[in-house]
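Next up, my_file_11.cif (mmCIF, C-alpha atoms and all ligand atoms):
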data_coords
loop_
_atom_site.label_atom_id
_atom_site.label_comp_id
_atom_site.auth_asym_id
_atom_site.auth_seq_id
_atom_site.Cartn_x
_atom_site.Cartn_y
_atom_site.Cartn_z
CA THR A 50 -56.89 57.96 -31.61
CA GLU A 51 -58.47 56.46 -28.52
CA ARG A 52 -61.59 58.51 -29.09
CA MET A 53 -61.69 57.55 -32.77
CA LEU A 54 -61.46 53.89 -31.86
CA GLN A 55 -64.25 54.27 -29.36
CA LYS A 56 -66.37 55.93 -31.99
CA SER A 57 -65.77 53.23 -34.60
CA GLU A 58 -66.52 50.60 -31.97
CA LYS A 59 -69.75 52.38 -31.21
CA LEU A 60 -70.63 52.49 -34.90
CA ALA A 61 -69.92 48.78 -35.24
CA LEU A 62 -72.19 48.05 -32.29
CA LEU A 63 -74.87 50.28 -33.77
CA GLY A 64 -74.62 48.34 -37.05
CA GLN A 65 -74.99 45.03 -35.22
CA MET A 66 -77.97 46.36 -33.32
CA ALA A 67 -79.59 47.70 -36.48
CA ALA A 68 -79.18 44.28 -38.10
CA GLY A 69 -80.67 42.68 -34.99
CA ILE A 70 -83.66 45.02 -34.95
CA ALA A 71 -84.27 44.52 -38.66
CA HIS A 72 -84.27 40.76 -38.12
CA GLU A 73 -86.49 40.88 -35.03
CA ILE A 74 -89.01 43.13 -36.75
CA ARG A 75 -89.01 41.27 -40.05
CA ASN A 76 -90.19 38.01 -38.44
CA PRO A 77 -93.46 39.37 -37.05
CA LEU A 78 -93.97 41.48 -40.20
CA THR A 79 -93.70 38.37 -42.39
CA SER A 80 -96.22 36.61 -40.22
CA ILE A 81 -98.61 39.59 -40.31
CA LYS A 82 -98.30 39.80 -44.09
CA GLY A 83 -99.10 36.08 -44.44
CA PHE A 84 -102.23 36.34 -42.35
CA ILE A 85 -103.45 39.49 -44.10
CA GLN A 86 -103.08 37.66 -47.43
CA LEU A 87 -105.20 34.86 -45.96
CA PHE A 88 -107.87 37.41 -44.96
CA LYS A 89 -108.08 38.58 -48.57
CA SER A 90 -109.37 35.26 -49.80
CA SER A 91 -111.45 34.23 -46.81
CA LEU A 92 -113.10 35.61 -43.70
CA PRO A 93 -110.51 36.16 -40.99
CA LYS A 94 -110.63 33.70 -38.08
CA GLU A 95 -110.54 35.19 -34.64
CA GLU A 96 -107.35 33.38 -33.59
CA HIS A 97 -105.61 34.61 -36.73
CA VAL A 98 -106.59 38.17 -35.96
CA ASP A 99 -105.22 37.62 -32.44
CA ILE A 100 -101.87 36.52 -33.88
CA VAL A 101 -101.72 39.61 -36.07
CA LEU A 102 -102.49 41.82 -33.08
CA SER A 103 -99.89 40.18 -30.85
CA GLU A 104 -97.24 40.41 -33.56
CA LEU A 105 -98.02 44.11 -33.94
CA GLU A 106 -97.71 44.49 -30.18
CA ARG A 107 -94.32 42.81 -30.34
CA ILE A 108 -93.07 45.25 -32.98
CA ASN A 109 -94.40 48.10 -30.89
CA ALA A 110 -92.54 46.81 -27.81
CA ILE A 111 -89.25 46.45 -29.70
CA VAL A 112 -89.48 49.92 -31.19
CA GLY A 113 -90.56 51.33 -27.83
CA GLU A 114 -87.51 49.99 -26.01
CA PHE A 115 -85.22 51.47 -28.64
CA LEU A 116 -86.91 54.83 -28.31
CA VAL A 117 -85.94 54.82 -24.64
CA LEU A 118 -82.33 54.16 -25.63
CA SER A 119 -82.19 56.78 -28.34
CA LYS A 120 -83.32 59.61 -26.06
CA PRO A 121 -80.79 62.48 -25.95
CA THR A 122 -77.40 61.27 -24.77
CA VAL A 123 -76.77 64.50 -22.90
CA ALA A 124 -79.13 63.64 -20.11
CA VAL A 125 -79.97 66.24 -17.51
CA PHE A 126 -78.88 65.00 -14.11
CA VAL A 127 -80.83 66.27 -11.15
CA GLU A 128 -80.59 65.53 -7.42
CA LYS A 129 -83.28 63.02 -6.54
CA ASP A 130 -84.48 60.92 -3.67
CA VAL A 131 -84.30 57.28 -4.81
CA LYS A 132 -86.96 56.39 -2.26
CA ALA A 133 -89.53 58.54 -4.07
CA LEU A 134 -88.57 57.13 -7.48
CA ILE A 135 -88.93 53.56 -6.29
CA LYS A 136 -92.26 54.25 -4.61
CA ASP A 137 -93.56 55.71 -7.90
CA VAL A 138 -92.44 52.67 -9.86
CA VAL A 139 -93.91 50.21 -7.35
CA THR A 140 -97.25 52.02 -7.67
CA LEU A 141 -96.92 51.78 -11.45
CA ILE A 142 -96.42 48.02 -11.43
CA ASN A 143 -98.90 47.30 -8.66
CA THR A 144 -101.78 46.18 -10.89
CA GLN A 145 -99.60 43.72 -12.77
CA SER A 146 -98.12 42.30 -9.57
CA ILE A 147 -101.51 41.88 -7.87
CA LEU A 148 -102.84 40.09 -10.97
CA ASN A 149 -99.88 37.73 -10.70
CA ASN A 150 -100.22 37.12 -6.95
CA VAL A 151 -96.93 38.85 -6.30
CA GLN A 152 -96.41 41.01 -3.23
CA ILE A 153 -93.78 43.74 -3.26
CA PHE A 154 -92.10 44.84 -0.02
CA VAL A 155 -89.87 47.89 0.13
CA GLU A 156 -87.33 48.69 2.81
CA PHE A 157 -85.22 51.85 2.98
CA ASP A 158 -82.34 52.85 5.24
CA SER A 159 -83.21 55.98 7.15
CA ASP A 160 -81.76 59.30 5.89
CA LEU A 161 -80.58 58.00 2.53
CA PRO A 162 -78.39 60.42 0.60
CA MET A 163 -79.65 61.80 -2.70
CA VAL A 164 -78.40 60.62 -6.08
CA SER A 165 -77.70 62.65 -9.17
CA CYS A 166 -79.76 61.10 -11.93
CA GLU A 167 -82.00 61.37 -14.94
CA GLU A 168 -85.26 60.55 -13.21
CA ASN A 169 -87.10 58.91 -16.09
CA GLN A 170 -84.14 56.75 -17.02
CA LEU A 171 -83.72 55.44 -13.48
CA LYS A 172 -87.44 54.77 -13.26
CA GLN A 173 -87.18 52.82 -16.50
CA VAL A 174 -84.47 50.66 -14.92
CA PHE A 175 -86.51 49.90 -11.79
CA LEU A 176 -89.59 49.21 -13.91
CA ASN A 177 -87.73 46.78 -16.21
CA LEU A 178 -86.22 44.94 -13.25
CA LEU A 179 -89.47 44.74 -11.28
CA LYS A 180 -91.30 43.52 -14.39
CA ASN A 181 -88.71 40.80 -14.86
CA ALA A 182 -89.06 39.81 -11.21
CA VAL A 183 -92.87 39.57 -11.48
CA GLU A 184 -92.58 37.63 -14.74
CA ALA A 185 -90.13 35.20 -13.11
CA MET A 186 -92.79 34.10 -10.61
CA PRO A 187 -95.65 32.57 -12.61
CA GLY A 188 -97.06 31.05 -9.42
CA GLY A 189 -96.84 34.28 -7.45
CA GLY A 190 -94.54 35.07 -4.54
CA MET A 191 -92.68 37.92 -2.95
CA ILE A 192 -90.35 40.62 -4.20
CA GLU A 193 -88.22 42.61 -1.81
CA VAL A 194 -86.71 45.96 -2.72
CA LYS A 195 -83.99 47.04 -0.30
CA VAL A 196 -82.18 50.34 -0.46
CA LYS A 197 -79.14 50.69 1.77
CA LYS A 198 -76.21 52.99 2.32
CA LYS A 199 -72.99 51.31 1.24
CA GLU A 200 -69.52 52.58 1.95
CA GLU A 201 -69.00 56.35 1.76
CA GLY A 202 -70.62 57.90 -1.31
CA LYS A 203 -72.61 54.91 -2.51
CA ILE A 204 -76.02 53.36 -2.15
CA ALA A 205 -77.13 49.85 -3.06
CA ILE A 206 -80.55 49.01 -4.42
CA ARG A 207 -81.41 45.33 -4.39
CA ILE A 208 -84.39 43.72 -6.07
CA ILE A 209 -84.84 40.21 -4.74
CA ASP A 210 -87.30 37.72 -6.22
CA GLN A 211 -88.20 34.10 -5.54
CA GLY A 212 -88.58 33.25 -9.19
CA ILE A 213 -87.31 30.64 -11.63
CA GLY A 214 -83.79 32.03 -11.65
CA ILE A 215 -81.32 32.34 -14.51
CA PRO A 216 -79.04 29.49 -15.67
CA LYS A 217 -75.47 30.10 -14.49
CA GLU A 218 -73.99 30.06 -18.00
CA ARG A 219 -76.49 32.70 -19.11
CA ILE A 220 -75.64 35.31 -16.49
CA PRO A 221 -72.44 36.65 -18.13
CA THR A 222 -74.24 37.19 -21.46
CA LEU A 223 -77.18 39.15 -20.04
CA GLY A 224 -77.26 42.64 -21.50
CA GLU A 225 -76.78 41.39 -25.04
CA PRO A 226 -79.82 42.38 -27.07
CA PHE A 227 -82.67 40.02 -28.00
CA TYR A 228 -82.01 37.22 -25.52
CA THR A 229 -85.41 36.32 -24.17
CA THR A 230 -87.09 33.21 -22.82
CA LYS A 231 -90.53 34.80 -22.95
CA GLU A 232 -93.13 34.44 -25.66
CA LYS A 233 -93.83 38.15 -25.57
CA GLY A 234 -90.37 39.29 -24.50
CA THR A 235 -88.14 41.66 -26.42
CA GLY A 236 -84.84 40.76 -24.77
CA LEU A 237 -83.99 44.45 -24.54
CA GLY A 238 -84.81 45.20 -20.91
CA PHE A 239 -81.46 44.23 -19.40
CA MET A 240 -79.49 45.95 -22.13
CA THR A 241 -81.36 49.18 -21.41
CA CYS A 242 -80.72 48.79 -17.67
CA PHE A 243 -76.98 48.25 -18.14
CA LYS A 244 -76.68 51.29 -20.44
CA ILE A 245 -78.56 53.58 -18.10
CA ILE A 246 -76.71 52.46 -14.96
CA GLU A 247 -73.39 52.85 -16.76
CA SER A 248 -74.31 56.40 -17.76
CA HIS A 249 -75.01 57.06 -14.07
CA TYR A 250 -71.51 55.87 -13.11
CA GLY A 251 -73.09 52.92 -11.33
CA GLU A 252 -72.82 49.15 -11.37
CA LEU A 253 -75.39 46.44 -12.03
CA LYS A 254 -74.77 42.96 -10.64
CA ILE A 255 -76.80 39.81 -11.12
CA HIS A 256 -76.91 36.97 -8.58
CA SER A 257 -79.18 34.09 -9.43
CA ILE A 258 -79.84 30.50 -8.51
CA GLU A 259 -82.16 28.43 -10.65
CA ASN A 260 -85.48 27.62 -8.97
CA VAL A 261 -84.50 29.71 -5.94
CA GLY A 262 -84.50 33.27 -7.19
CA THR A 263 -82.65 36.25 -8.51
CA THR A 264 -81.16 39.31 -6.87
CA ILE A 265 -80.28 42.32 -8.96
CA GLU A 266 -78.00 44.77 -7.20
CA ILE A 267 -77.49 48.32 -8.40
CA ILE A 268 -74.77 50.46 -6.88
CA LEU A 269 -75.14 54.19 -7.45
CA PRO A 270 -72.89 57.04 -6.40
CA THR A 271 -74.53 59.59 -4.15
CA ILE A 272 -74.07 63.32 -4.35
CA THR A 273 -72.03 63.30 -1.16
CA GLN A 274 -69.06 62.27 -3.28
CA PRO A 275 -67.56 65.66 -4.18
CA LEU A 276 -65.25 64.54 -7.01
CA LEU A 277 -67.98 62.84 -8.93
CA LYS A 278 -70.26 65.82 -8.52
CA ARG A 279 -67.65 68.05 -10.15
CA GLU A 280 -67.23 65.57 -12.99
CA LEU A 281 -70.94 65.56 -13.65
CA ILE A 282 -71.15 69.33 -13.80
CA HIS A 283 -68.23 69.64 -16.20
CA SER A 284 -69.19 66.88 -18.63
P1 LIG A 301 -87.40 40.25 -21.63
O1 LIG A 301 -87.94 40.52 -20.25
O2 LIG A 301 -88.13 41.02 -22.68
O3 LIG A 301 -87.30 38.78 -21.94
P2 LIG A 301 -84.90 41.19 -20.51
O4 LIG A 301 -83.68 41.75 -21.14
O5 LIG A 301 -85.59 42.03 -19.50
O6 LIG A 301 -85.89 40.79 -21.69
O7 LIG A 301 -84.53 39.81 -19.84
C1 LIG A 301 -83.88 38.82 -20.62
C2 LIG A 301 -84.09 37.43 -20.06
O8 LIG A 301 -83.40 37.31 -18.83
C3 LIG A 301 -85.52 37.07 -19.74
O9 LIG A 301 -86.22 36.59 -20.89
C4 LIG A 301 -85.35 35.99 -18.71
O10 LIG A 301 -85.05 34.74 -19.29
C5 LIG A 301 -84.11 36.43 -17.96
N1 LIG A 301 -84.44 37.17 -16.73
C6 LIG A 301 -84.41 38.50 -16.52
N2 LIG A 301 -84.74 38.82 -15.26
C7 LIG A 301 -85.02 37.66 -14.64
C8 LIG A 301 -85.43 37.31 -13.29
N3 LIG A 301 -85.63 38.23 -12.35
N4 LIG A 301 -85.59 35.99 -13.03
C9 LIG A 301 -85.39 35.03 -13.97
N5 LIG A 301 -85.00 35.31 -15.23
C10 LIG A 301 -84.82 36.59 -15.57
MG MG A 302 -87.73 42.36 -19.26
#
As structure tokens, what does this structure read like?
Amino acid sequence: TERMLQKSEKLALLGQMAAGIAHEIRNPLTSIKGFIQLFKSSLPKEEHVDIVLSELERINAIVGEFLVLSKPTVAVFVEKDVKALIKDVVTLINTQSILNNVQIFVEFDSDLPMVSCEENQLKQVFLNLLKNAVEAMPGGGMIEVKVKKKEEGKIAIRIIDQGIGIPKERIPTLGEPFYTTKEKGTGLGFMTCFKIIESHYGELKIHSIENVGTTIEIILPTITQPLLKRELIHS
């Protein structure tokens, strides 16, 4: 019965999410429809076309984030070097960070143990978190990424920014879908991160002080932990 309950809970959550997506997508669709109707009776104005395009982009972003989530649940876990994954992601976000006057510094402990992970999912997490960090510093600044060995069998990845921070009362609710303070945000990034880290038997912690900055800490088990390795192979 425990499994059944879990399943019905999952279905309920899925229903809530579907309702949320429908709502989030209907708003920009209504606005697009209105403007297209306007175009029928008159020549389109450039700023109206821009609105239509940005609303389409928004729908695309929402659908895109859900595609990431709906990828096969039986992920293939492979031994990977987190250092290499992070370096790839930093390269990926480099153009955006330079444009925003943000410098990214990375620091790794020497001889870090490997982690068992779904590479693309973990990259998605680092990308979402680094994007949030860049977006939190409209005036530019510095992001530090620190990867350290924790106690036996764990590593900690910290992404530290000097951005606007998150209001204290908001922190416990992060991970709920569609909370965003950004004009072009989807409010799905954190939810995706939490889901992926959970599926990697890890933890995601948020420390933030308004107008000082935010530190996101991810704890991941390493493959040196024999019990967990067995679990992964059998499940
Ligand atoms: P999105 O980035 O699309 O808004 P997220 O789920 O990634 O959605 O983030 C949700 C909200 O959490 C953001 O809109 C922002 O208000 C806040 N947030 C996330 N990361 C940071 C950060 N590093 N600094 C300040 N606020 C943040
Ligand atoms: Mg985001």
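Counting all atoms listed in the file, the residue from A:Leu253, A:Thr263, A:Ala182, A:Thr241 that sits nearest to A:Pro216 is A:Thr263.
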Closest contacts (chain A/ligand LIG 301 (chain A), max 8 Å, only C-alpha atoms and all ligand atoms) as a Markdown table:
| residue | atom | partner | partner_atom | distance |
| --- | --- | --- | --- | --- |
| A:Asn177 | CA | A:LIG301 | O5 | 6.2 |
| A:Leu178 | CA | A:LIG301 | N2 | 6.6 |
| A:Leu179 | CA | A:LIG301 | N3 | 7.6 |
| A:Lys180 | CA | A:LIG301 | O1 | 7.4 |
| A:Asn181 | CA | A:LIG301 | N2 | 4.5 |
| A:Ala182 | CA | A:LIG301 | N3 | 3.9 |
| A:Val183 | CA | A:LIG301 | N3 | 7.4 |
| A:Glu184 | CA | A:LIG301 | C8 | 7.3 |
| A:Ala185 | CA | A:LIG301 | N4 | 4.6 |
| A:Met186 | CA | A:LIG301 | N4 | 7.8 |
| A:Ile209 | CA | A:LIG301 | N3 | 7.9 |
| A:Asp210 | CA | A:LIG301 | N3 | 6.4 |
| A:Gly212 | CA | A:LIG301 | N4 | 5.6 |
| A:Ile213 | CA | A:LIG301 | C9 | 5.3 |
| A:Gly214 | CA | A:LIG301 | C9 | 4.1 |
| A:Ile215 | CA | A:LIG301 | N5 | 4.8 |
| A:Leu223 | CA | A:LIG301 | O8 | 6.6 |
| A:Gly224 | CA | A:LIG301 | O4 | 6.5 |
| A:Glu225 | CA | A:LIG301 | O4 | 7.9 |
| A:Pro226 | CA | A:LIG301 | O4 | 7.1 |
| A:Phe227 | CA | A:LIG301 | O6 | 7.1 |
| A:Tyr228 | CA | A:LIG301 | C1 | 5.5 |
| A:Thr229 | CA | A:LIG301 | O9 | 3.4 |
| A:Thr230 | CA | A:LIG301 | O9 | 4.0 |
| A:Lys231 | CA | A:LIG301 | O9 | 5.1 |
| A:Lys233 | CA | A:LIG301 | O2 | 7.0 |
| A:Gly234 | CA | A:LIG301 | O2 | 3.4 |
| A:Thr235 | CA | A:LIG301 | O2 | 3.8 |
| A:Gly236 | CA | A:LIG301 | O6 | 3.3 |
| A:Leu237 | CA | A:LIG301 | O4 | 4.4 |
| A:Gly238 | CA | A:LIG301 | O5 | 3.6 |
| A:Phe239 | CA | A:LIG301 | O4 | 3.8 |
| A:Met240 | CA | A:LIG301 | O4 | 6.0 |
| A:Thr241 | CA | A:LIG301 | O4 | 7.8 |
| A:Ser257 | CA | A:LIG301 | N4 | 7.6 |
| A:Gly262 | CA | A:LIG301 | N4 | 6.5 |
| A:Thr263 | CA | A:LIG301 | N3 | 5.2 |
| A:Thr264 | CA | A:LIG301 | N3 | 7.2 |
| A:Ile265 | CA | A:LIG301 | N3 | 7.5 |
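Remark: for A:Arg207, the closest of the candidate residues A:Lys132, A:Ser159, A:Ile267, A:Val98 is A:Ile267 (distances computed over all atoms listed in the file).
When atom CA of A:Gln211 is paired with atom CA of A:Ile147, their separation reads 15.6 Å.
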Study note, to complete from the structure: Taken to one decimal, the atom CA of A:Gly190-atom CA of A:Asn150 distance is 6.5 Å
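Minimum distance to ligand MG 302 (chain A) across A:Asn109, A:Glu156, A:Glu114, A:Ala133 (counting all atoms listed in the file) occurs at A:Glu114.
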Revision key, fill the gap. With distances taken over all atoms listed in the file, the candidate from A:Cys166, A:Ala110, A:Lys136, A:Ser90 nearest ligand MG 302 (chain A) is A:Ala110
